[in-house]
Amino acid sequence: ETGVTQTPRHLVMGMTNKKSLKCEQHLGHNAMYWYKQSAKKPLELMFVYSLEERVENNSVPSRFSPECPNSSHLFLHLHTLQPEDSALYLCASSQLIQGPPFFGPGTRLTVL
Amino acid sequence: SQQGEEDPQALSIQEGENATMNCSYKTSINNLQWYRQNSGRGLVHLILIRSNEREKHSGRLRVTLDTSKKSSSLLITASRAADTASYFCATVRNSGNTPLVFGKGTRLSVIA
């Protein structure tokens, strides 16, 4: 256990559904991240929050909407996704943005 | 792109042998980190080496860094079947407050 939990662990959704991924860290960190991991591709950084403010958004489509209500929680709201969005979505946190992130177990998302 | 590139993409060895994985990157860095990922799970931080360090050890792991060649290597000695996983290098740029950028990883298979 790394101190970062993600729910749900698996999610299957249709293209018209709206769902949310949740991440919680119990490490007292002040930076949180969403990464996307697709087959045979490098891990892609999607969003970075530092002190609850978004500091990076790597050209992610608007059908992915992050929310960071406090330093311990991070959400990724999903709506009208495409099949190519199927991937493992990993949440991570770190004490500083340059510090080593601790990863959660990921949510395996399948879009039908 | 600053992301690290691991080499080889896949490596298969017998239990007890040593495994060496390499990583190359493009820009000057603050530090370089190695991670392990078991199939479909989150990433686990293994070791961090700073730009002013040349070698670091942690248990059966040995990491080297050559900033003149912009490359790093991860050596796992006396490998075990449990070492079977994907291994990623990740770099933090020398300038700015930027998060990690990951490579595509090396898939290591240790055969018992």
# chains A, B, ... in the order shown; residues from 1 in each chain; ligands from 1

$ interface_residues --of "chain B" --to "chain A" --cutoff "12 Å" --atoms "only C-alpha atoms" --output "number ranges by chain"
B: 1, 3-6, 9-10, 29-50, 86-107

$ residues_around --residues "region 60-72 of chain B" --least-positions-apart "6" --cutoff "6 Å" --atoms "only C-alpha atoms" --output "ChimeraX atom specification"
/B:22-25,54

$ atom_distance --atom1 "CA of Ser65 (chain A)" --atom2 "CA of Phe47 (chain A)"
9.4 Å

$ select_by_dssp --residues "region 2-67 of chain B" --states "strand (DSSP E)" --output "PyMOL selection string"
chain B and resi 5-7+10-14+19-24+29-37+43-50+55-58+61-66

$ atom_distance --atom1 "CA of Asn17 (chain A)" --atom2 "CA of Val111 (chain A)"
9.4 Å

$ atom_distance --atom1 "CA of Ser93 (chain A)" --atom2 "CA of Asn58 (chain A)"
17.2 Å

$ residues_around --residues "Lys19 (chain A)" --least-positions-apart "2" --cutoff "12 Å" --atoms "only C-alpha atoms" --output "list of chain:residue names"
A:Thr7, A:Pro8, A:His10, A:Leu11, A:Val12, A:Met13, A:Gly14, A:Met15, A:Thr16, A:Asn17, A:Leu21, A:Lys22, A:Arg63, A:Phe64, A:Ser65, A:Pro66, A:Phe75, A:Leu76, A:His77, A:Leu78, A:His79, A:Thr80, A:Leu81, A:Leu109, A:Thr110, A:Val111

$ residues_around --residues "Gln14 (chain B)" --least-positions-apart "5" --cutoff "9 Å" --atoms "only C-alpha atoms" --output "ChimeraX atom specification"
/B:79-81,109-112

$ residues_around --residues "Met46 (chain A)" --least-positions-apart "2" --cutoff "7 Å" --atoms "only C-alpha atoms" --output "PyMOL selection string"
chain A and resi 34-36+44+57-58+60
